[in-house]
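Undergrad: Take a look at this one; I'll ask things after.
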Amino acid sequence: MKPPQFGYTAAADLDEALEALAATGGKVLAGGQSLIPLLNMRLADPGHLVDINRIPALDAVAAQADGVRVGALARHFQALESDEAAAVQPLLRQALRHVAHPAIRNRGTVVGSIVHADPAAELPAVLALTGGTVTLRGREGERALSAEEFFLGPMESAIGPAEIAREVFFPALPERSGTAFHELARRKGDFAMAGAAALVTLDADLACTAARLVCVGTGAVPEVIDLSGLCRGWLSTSDWSAAAEAVRERIEPEDDIHATADYRRHLAGVLAARALSEAAANAEARA
């Protein structure tokens with residue numbers, strides 16, 4: 001398969017990239033692990049690609065006390081292998097372990113995966129659950145959007161036609177909190193049939209005070225499900241099956257060639273219970 005014809009600009013800085021986007025209405029090329037297959041299958045025809053790989057200082061993974069900042073050119077493997085980032089926000093590493101295969105992670109970018117806005121991808125769920133933001137750069141300046149503001153639908157985000165997602169920010173894990181990520185795919189490295197990212201916070205007596213979860217592959221956009229009222233007072237050793245039922249009642253998966261909606265709903269509940277239990281155990285270990 002071959003892509004349709006397109007123009008090409010190798011931008012030297014962000015201003016040049018933004019000018020090229022505004023002039024051509026093209027698409028940004030960073031890692032290309034989502035865009036290139038779409039071009040080859042003729043599912044996208046942007047007419048022009050703006051390559052940002054030569055722009056300096058966009059490949060940083062910066063772990064600070066308040067969270068982790070990931071630049072537009074930072075590859076999956078950089079964030080996955082950063083011990084500093086894992087210490088500040090462990091959910092990032094827990095999810096990245098499930099992203100495709102090493103060859104894809106070596107080239108694909110964290111920001112690109114989020115901008116692609118695939119509801120079956122791991123990183124949009126991480127952004128939503130952690131309360132992260134996407135910083136968009138345009139010719140008029142910058143704006144930061146939450147996951148709720150950024151994800152509009154399947155493969156649809158709020159990024160403007162002449163904007164670049166410069167970085168994403170994942171806030172630090174709160175005290176006495178733990179996270180976990182579980183998913184199931186038909187083959188290792190495939191998109192998940194369903195998945196669950198969980199965050200649990202405990203009090204001084206190691207009882208649950210807050211529990212939140214985001215399902216993967218069961219809706220149009222990542223939606224945070226707050227289970228705090230149901231799970232309050234539970235321990236890491238508690239039976240989390242009631243939480244699984246609550247999750248099943250909240251989601252609206254669809255049938256496709258890989259799985260029925262009923263199977264996805266059942267699977268999401270199983271994975272949700274596992275993720276919540278593990279997150280609580282991780283929170284206890286950090287307390």
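Residue numbers start at 1 in each chain; chains themselves are named A, B, ... in the order of the structure tokens; ligands are numbered from 1 in the order shown.
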Name the residues in contact with A:Asn106 at a cut-off of 7 Å, using only C-alpha atoms, excluding same-chain residues fewer than 2 positions from it; report them as JSON, numbers by chain.

TA: {"A": [75, 76, 77, 102, 103, 104, 108]}

Undergrad: Please provide the set of residues having any atom within 7 Å of stretch 49-53 of chain A, restricted to only C-alpha atoms, with same-chain residues fewer than 6 positions apart removed, written as an mmCIF file with N, CA and C atoms, in the first residue's frame.

TA:
```
data_model
loop_
_atom_site.group_PDB
_atom_site.id
_atom_site.type_symbol
_atom_site.label_atom_id
_atom_site.label_comp_id
_atom_site.auth_asym_id
_atom_site.auth_seq_id
_atom_site.Cartn_x
_atom_site.Cartn_y
_atom_site.Cartn_z
ATOM 1 N N PHE A 6 1.674 13.876 -1.215
ATOM 2 C CA PHE A 6 1.603 14.961 -0.231
ATOM 3 C C PHE A 6 2.848 15.838 -0.339
ATOM 4 N N GLY A 7 2.678 17.102 0.045
ATOM 5 C CA GLY A 7 3.809 18.003 0.183
ATOM 6 C C GLY A 7 4.492 17.755 1.515
ATOM 7 N N TYR A 8 5.679 18.315 1.673
ATOM 8 C CA TYR A 8 6.464 18.005 2.871
ATOM 9 C C TYR A 8 7.269 19.226 3.298
ATOM 10 N N THR A 9 7.182 19.548 4.589
ATOM 11 C CA THR A 9 7.989 20.608 5.188
ATOM 12 C C THR A 9 8.704 20.055 6.401
ATOM 13 N N ALA A 10 10.027 20.180 6.416
ATOM 14 C CA ALA A 10 10.818 19.808 7.591
ATOM 15 C C ALA A 10 11.088 21.083 8.375
ATOM 16 N N ALA A 11 10.268 21.328 9.394
ATOM 17 C CA ALA A 11 10.352 22.590 10.131
ATOM 18 C C ALA A 11 11.564 22.622 11.052
ATOM 19 N N ALA A 17 6.878 25.573 11.767
ATOM 20 C CA ALA A 17 5.892 24.504 11.688
ATOM 21 C C ALA A 17 4.474 25.053 11.698
ATOM 22 N N ALA A 20 3.641 26.667 8.373
ATOM 23 C CA ALA A 20 3.380 25.669 7.336
ATOM 24 C C ALA A 20 2.006 25.038 7.512
ATOM 25 N N LEU A 21 1.622 24.765 8.749
ATOM 26 C CA LEU A 21 0.290 24.201 8.999
ATOM 27 C C LEU A 21 -0.801 25.168 8.571
ATOM 28 N N GLY A 26 -2.132 21.089 6.574
ATOM 29 C CA GLY A 26 -1.595 19.738 6.640
ATOM 30 C C GLY A 26 -1.660 19.119 8.023
ATOM 31 N N LYS A 27 -0.914 18.034 8.173
ATOM 32 C CA LYS A 27 -0.848 17.291 9.426
ATOM 33 C C LYS A 27 0.581 17.281 9.948
ATOM 34 N N VAL A 28 0.696 17.191 11.277
ATOM 35 C CA VAL A 28 2.009 17.113 11.923
ATOM 36 C C VAL A 28 2.528 15.683 11.855
ATOM 37 N N LEU A 29 3.809 15.548 11.516
ATOM 38 C CA LEU A 29 4.483 14.257 11.533
ATOM 39 C C LEU A 29 5.499 14.263 12.663
ATOM 40 N N ALA A 30 5.270 13.424 13.654
ATOM 41 C CA ALA A 30 6.219 13.270 14.769
ATOM 42 C C ALA A 30 6.734 11.840 14.733
ATOM 43 N N LEU A 73 7.991 15.275 21.027
ATOM 44 C CA LEU A 73 8.835 14.303 20.344
ATOM 45 C C LEU A 73 9.352 13.202 21.266
#
```

Undergrad: For A:Cys208, which residue among A:Ala220, A:Leu96, A:Ala281, A:Ala273 is the nearest when counting only C-alpha atoms?

TA: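 Comparing A:Ala220, A:Leu96, A:Ala281, A:Ala273 against A:Cys208, the winner is A:Ala281.
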
Undergrad: Calculated over only C-alpha atoms, which of the candidates A:Glu254, A:Ala12, A:Ala87, A:Asp262 has the smallest distance to A:Pro56?

TA: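 Checking each candidate against A:Pro56, we get A:Ala12 as the closest.
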
Undergrad: Measuring between only C-alpha atoms, which one of A:Ala280, A:Leu173, A:Ala121, A:Leu38 shows the shortest distance to A:Val99?

TA: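 Among A:Ala280, A:Leu173, A:Ala121, A:Leu38, it is A:Ala121 that comes nearest to A:Val99.
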
Undergrad: From the DSSP assignment of the backbone, select every residue of stretch 49-273 of chain A that is helix (DSSP H, G or I), and format the answer as a tab-separated table (two decimals) with N, CA and C atoms, in the first residue's frame.

TA:
```
chain	number	residue	atom	x	y	z
A	76	HIS	N	7.66	6.75	23.28
A	76	HIS	CA	7.08	5.91	24.33
A	76	HIS	C	8.16	5.30	25.22
A	77	PHE	N	9.24	4.82	24.61
A	77	PHE	CA	10.25	4.11	25.39
A	77	PHE	C	10.93	5.05	26.37
A	78	GLN	N	11.04	6.35	26.04
A	78	GLN	CA	11.67	7.30	26.96
A	78	GLN	C	10.86	7.41	28.24
A	79	ALA	N	9.55	7.57	28.10
A	79	ALA	CA	8.69	7.67	29.29
A	79	ALA	C	8.62	6.35	30.03
A	80	LEU	N	8.61	5.25	29.29
A	80	LEU	CA	8.54	3.93	29.91
A	80	LEU	C	9.77	3.64	30.75
A	81	GLU	N	10.95	4.03	30.26
A	81	GLU	CA	12.21	3.70	30.93
A	81	GLU	C	12.64	4.73	31.96
A	83	ASP	N	12.82	6.14	35.31
A	83	ASP	CA	12.52	5.81	36.70
A	83	ASP	C	11.97	7.03	37.45
A	84	GLU	N	12.45	8.20	37.08
A	84	GLU	CA	11.98	9.43	37.72
A	84	GLU	C	10.50	9.65	37.43
A	85	ALA	N	10.11	9.45	36.17
A	85	ALA	CA	8.70	9.62	35.81
A	85	ALA	C	7.83	8.58	36.51
A	86	ALA	N	8.31	7.33	36.59
A	86	ALA	CA	7.55	6.26	37.24
A	86	ALA	C	7.37	6.54	38.73
A	87	ALA	N	8.35	7.17	39.35
A	87	ALA	CA	8.25	7.48	40.77
A	87	ALA	C	7.22	8.57	41.03
A	88	VAL	N	7.12	9.52	40.12
A	88	VAL	CA	6.19	10.64	40.29
A	88	VAL	C	4.76	10.24	39.89
A	90	PRO	N	3.31	6.65	38.60
A	90	PRO	CA	3.52	5.25	38.17
A	90	PRO	C	2.55	4.75	37.11
A	91	LEU	N	1.38	5.35	37.01
A	91	LEU	CA	0.40	4.88	36.03
A	91	LEU	C	0.94	5.01	34.61
A	92	LEU	N	1.82	5.97	34.38
A	92	LEU	CA	2.38	6.17	33.04
A	92	LEU	C	3.16	4.93	32.60
A	93	ARG	N	4.03	4.42	33.44
A	93	ARG	CA	4.79	3.21	33.10
A	93	ARG	C	3.87	2.00	33.05
A	94	GLN	N	2.92	1.90	33.98
A	94	GLN	CA	2.03	0.75	34.00
A	94	GLN	C	1.24	0.63	32.70
A	95	ALA	N	0.84	1.77	32.12
A	95	ALA	CA	0.09	1.74	30.87
A	95	ALA	C	0.99	1.54	29.66
A	96	LEU	N	2.15	2.19	29.67
A	96	LEU	CA	3.04	2.12	28.52
A	96	LEU	C	3.54	0.71	28.25
A	102	PRO	N	7.89	-3.22	21.13
A	102	PRO	CA	9.07	-2.36	21.30
A	102	PRO	C	9.41	-1.53	20.07
A	103	ALA	N	9.27	-2.09	18.89
A	103	ALA	CA	9.59	-1.33	17.67
A	103	ALA	C	8.70	-0.10	17.53
A	104	ILE	N	7.43	-0.25	17.89
A	104	ILE	CA	6.50	0.88	17.83
A	104	ILE	C	6.82	1.88	18.94
A	105	ARG	N	7.11	1.38	20.14
A	105	ARG	CA	7.40	2.27	21.26
A	105	ARG	C	8.71	3.04	21.03
A	106	ASN	N	9.62	2.48	20.26
A	106	ASN	CA	10.88	3.18	20.00
A	106	ASN	C	10.70	4.38	19.09
A	107	ARG	N	9.62	4.41	18.33
A	107	ARG	CA	9.41	5.51	17.39
A	107	ARG	C	8.18	6.35	17.73
A	110	VAL	N	4.39	9.76	22.87
A	110	VAL	CA	3.33	9.83	23.88
A	110	VAL	C	2.28	10.85	23.46
A	111	VAL	N	2.74	12.03	23.06
A	111	VAL	CA	1.81	13.09	22.67
A	111	VAL	C	1.02	12.70	21.43
A	112	GLY	N	1.69	12.07	20.47
A	112	GLY	CA	1.00	11.65	19.26
A	112	GLY	C	-0.11	10.66	19.53
A	113	SER	N	0.10	9.74	20.45
A	113	SER	CA	-0.93	8.78	20.81
A	113	SER	C	-2.14	9.48	21.41
A	114	ILE	N	-1.90	10.49	22.21
A	114	ILE	CA	-3.00	11.23	22.82
A	114	ILE	C	-3.74	12.05	21.78
A	115	VAL	N	-3.01	12.72	20.89
A	115	VAL	CA	-3.65	13.52	19.85
A	115	VAL	C	-4.47	12.64	18.90
A	116	HIS	N	-4.01	11.41	18.66
A	116	HIS	CA	-4.74	10.49	17.79
A	116	HIS	C	-6.13	10.19	18.36
A	122	GLU	N	-4.18	3.36	25.28
A	122	GLU	CA	-3.95	3.42	26.73
A	122	GLU	C	-3.76	4.84	27.26
A	123	LEU	N	-3.01	5.66	26.53
A	123	LEU	CA	-2.59	6.94	27.09
A	123	LEU	C	-3.71	7.97	27.24
A	124	PRO	N	-4.71	8.00	26.36
A	124	PRO	CA	-5.85	8.89	26.66
A	124	PRO	C	-6.51	8.59	28.01
A	125	ALA	N	-6.60	7.30	28.35
A	125	ALA	CA	-7.17	6.93	29.65
A	125	ALA	C	-6.30	7.42	30.80
A	126	VAL	N	-4.97	7.33	30.63
A	126	VAL	CA	-4.06	7.81	31.66
A	126	VAL	C	-4.21	9.32	31.85
A	127	LEU	N	-4.30	10.04	30.75
A	127	LEU	CA	-4.45	11.49	30.85
A	127	LEU	C	-5.74	11.85	31.60
A	128	ALA	N	-6.83	11.15	31.27
A	128	ALA	CA	-8.11	11.45	31.92
A	128	ALA	C	-8.08	11.12	33.41
A	129	LEU	N	-7.56	9.95	33.76
A	129	LEU	CA	-7.59	9.51	35.15
A	129	LEU	C	-6.70	10.36	36.04
A	130	THR	N	-5.55	10.77	35.54
A	130	THR	CA	-4.63	11.57	36.35
A	130	THR	C	-5.01	13.05	36.40
A	147	ALA	N	-8.41	16.62	29.74
A	147	ALA	CA	-8.84	15.49	28.91
A	147	ALA	C	-10.31	15.63	28.53
A	148	GLU	N	-11.13	16.09	29.46
A	148	GLU	CA	-12.55	16.25	29.18
A	148	GLU	C	-12.78	17.27	28.06
A	149	GLU	N	-11.96	18.31	28.03
A	149	GLU	CA	-12.07	19.33	26.99
A	149	GLU	C	-11.44	18.88	25.68
A	150	PHE	N	-10.39	18.06	25.78
A	150	PHE	CA	-9.60	17.73	24.60
A	150	PHE	C	-10.23	16.63	23.75
A	228	SER	N	-15.90	6.41	44.54
A	228	SER	CA	-15.51	6.70	45.92
A	228	SER	C	-16.62	6.41	46.91
A	229	GLY	N	-17.85	6.80	46.57
A	229	GLY	CA	-18.95	6.56	47.49
A	229	GLY	C	-19.18	5.09	47.75
A	230	LEU	N	-19.08	4.29	46.71
A	230	LEU	CA	-19.29	2.85	46.84
A	230	LEU	C	-18.15	2.18	47.61
A	231	CYS	N	-16.93	2.58	47.33
A	231	CYS	CA	-15.74	1.87	47.84
A	231	CYS	C	-15.20	2.45	49.15
A	241	SER	N	-15.91	-6.89	43.71
A	241	SER	CA	-16.85	-7.30	42.67
A	241	SER	C	-18.03	-6.32	42.55
A	242	ALA	N	-18.42	-5.69	43.64
A	242	ALA	CA	-19.51	-4.72	43.57
A	242	ALA	C	-19.11	-3.52	42.72
A	243	ALA	N	-17.84	-3.15	42.81
A	243	ALA	CA	-17.34	-2.06	41.98
A	243	ALA	C	-17.37	-2.46	40.51
A	244	ALA	N	-17.05	-3.72	40.23
A	244	ALA	CA	-17.11	-4.20	38.85
A	244	ALA	C	-18.51	-4.07	38.28
A	245	GLU	N	-19.52	-4.42	39.08
A	245	GLU	CA	-20.90	-4.29	38.61
A	245	GLU	C	-21.26	-2.84	38.36
A	246	ALA	N	-20.77	-1.94	39.22
A	246	ALA	CA	-21.05	-0.52	39.03
A	246	ALA	C	-20.43	-0.01	37.74
A	247	VAL	N	-19.25	-0.50	37.42
A	247	VAL	CA	-18.60	-0.11	36.18
A	247	VAL	C	-19.40	-0.61	34.98
A	248	ARG	N	-19.84	-1.85	35.02
A	248	ARG	CA	-20.61	-2.41	33.91
A	248	ARG	C	-21.88	-1.60	33.65
A	249	GLU	N	-22.48	-1.06	34.70
A	249	GLU	CA	-23.69	-0.27	34.54
A	249	GLU	C	-23.43	1.10	33.92
A	250	ARG	N	-22.19	1.58	34.03
A	250	ARG	CA	-21.86	2.92	33.55
A	250	ARG	C	-21.40	2.96	32.10
A	261	ALA	N	-20.67	-6.42	22.41
A	261	ALA	CA	-20.79	-5.43	23.48
A	261	ALA	C	-20.93	-6.10	24.84
A	262	ASP	N	-21.70	-7.20	24.90
A	262	ASP	CA	-21.88	-7.90	26.17
A	262	ASP	C	-20.56	-8.45	26.69
A	263	TYR	N	-19.75	-9.01	25.78
A	263	TYR	CA	-18.47	-9.55	26.22
A	263	TYR	C	-17.57	-8.43	26.71
A	264	ARG	N	-17.54	-7.30	25.99
A	264	ARG	CA	-16.72	-6.17	26.42
A	264	ARG	C	-17.17	-5.65	27.79
A	265	ARG	N	-18.48	-5.61	28.01
A	265	ARG	CA	-18.98	-5.14	29.30
A	265	ARG	C	-18.55	-6.08	30.42
A	266	HIS	N	-18.68	-7.37	30.20
A	266	HIS	CA	-18.25	-8.34	31.21
A	266	HIS	C	-16.75	-8.21	31.46
A	267	LEU	N	-15.97	-8.15	30.39
A	267	LEU	CA	-14.52	-8.09	30.51
A	267	LEU	C	-14.09	-6.81	31.22
A	268	ALA	N	-14.72	-5.69	30.90
A	268	ALA	CA	-14.37	-4.43	31.55
A	268	ALA	C	-14.58	-4.51	33.06
A	269	GLY	N	-15.65	-5.18	33.49
A	269	GLY	CA	-15.88	-5.33	34.91
A	269	GLY	C	-14.82	-6.17	35.59
A	270	VAL	N	-14.44	-7.28	34.94
A	270	VAL	CA	-13.39	-8.14	35.51
A	270	VAL	C	-12.08	-7.36	35.65
A	271	LEU	N	-11.71	-6.63	34.61
A	271	LEU	CA	-10.46	-5.87	34.63
A	271	LEU	C	-10.53	-4.71	35.62
A	272	ALA	N	-11.71	-4.12	35.75
A	272	ALA	CA	-11.87	-3.02	36.71
A	272	ALA	C	-11.64	-3.51	38.14
A	273	ALA	N	-12.22	-4.66	38.48
A	273	ALA	CA	-12.02	-5.20	39.83
A	273	ALA	C	-10.55	-5.51	40.09
```

Undergrad: Quick one: everything within 6 Å of A:Val68, counting only C-alpha atoms, minus sequence neighbours fewer than 4 positions away in the same chain. Send it as a list in words.

TA: Ala62, Ala63, Phe169 and Phe170 of chain A

Undergrad: Please produce an output containing N, CA and C atoms for each residue in the selection, written as a short mmCIF file (atom, residue, chain, number, x, y, z; two decimals), in the first residue's frame.

TA:
```
data_model
loop_
_atom_site.label_atom_id
_atom_site.label_comp_id
_atom_site.auth_asym_id
_atom_site.auth_seq_id
_atom_site.Cartn_x
_atom_site.Cartn_y
_atom_site.Cartn_z
N ALA A 62 10.23 15.23 31.57
CA ALA A 62 10.69 15.94 32.75
C ALA A 62 9.82 15.60 33.95
N ALA A 63 10.39 14.90 34.92
CA ALA A 63 9.68 14.55 36.15
C ALA A 63 10.00 15.57 37.22
N PHE A 169 0.90 16.95 30.25
CA PHE A 169 1.30 16.97 31.66
C PHE A 169 0.45 15.98 32.43
N PHE A 170 1.14 15.08 33.15
CA PHE A 170 0.48 14.11 34.02
C PHE A 170 0.77 14.49 35.47
#
```
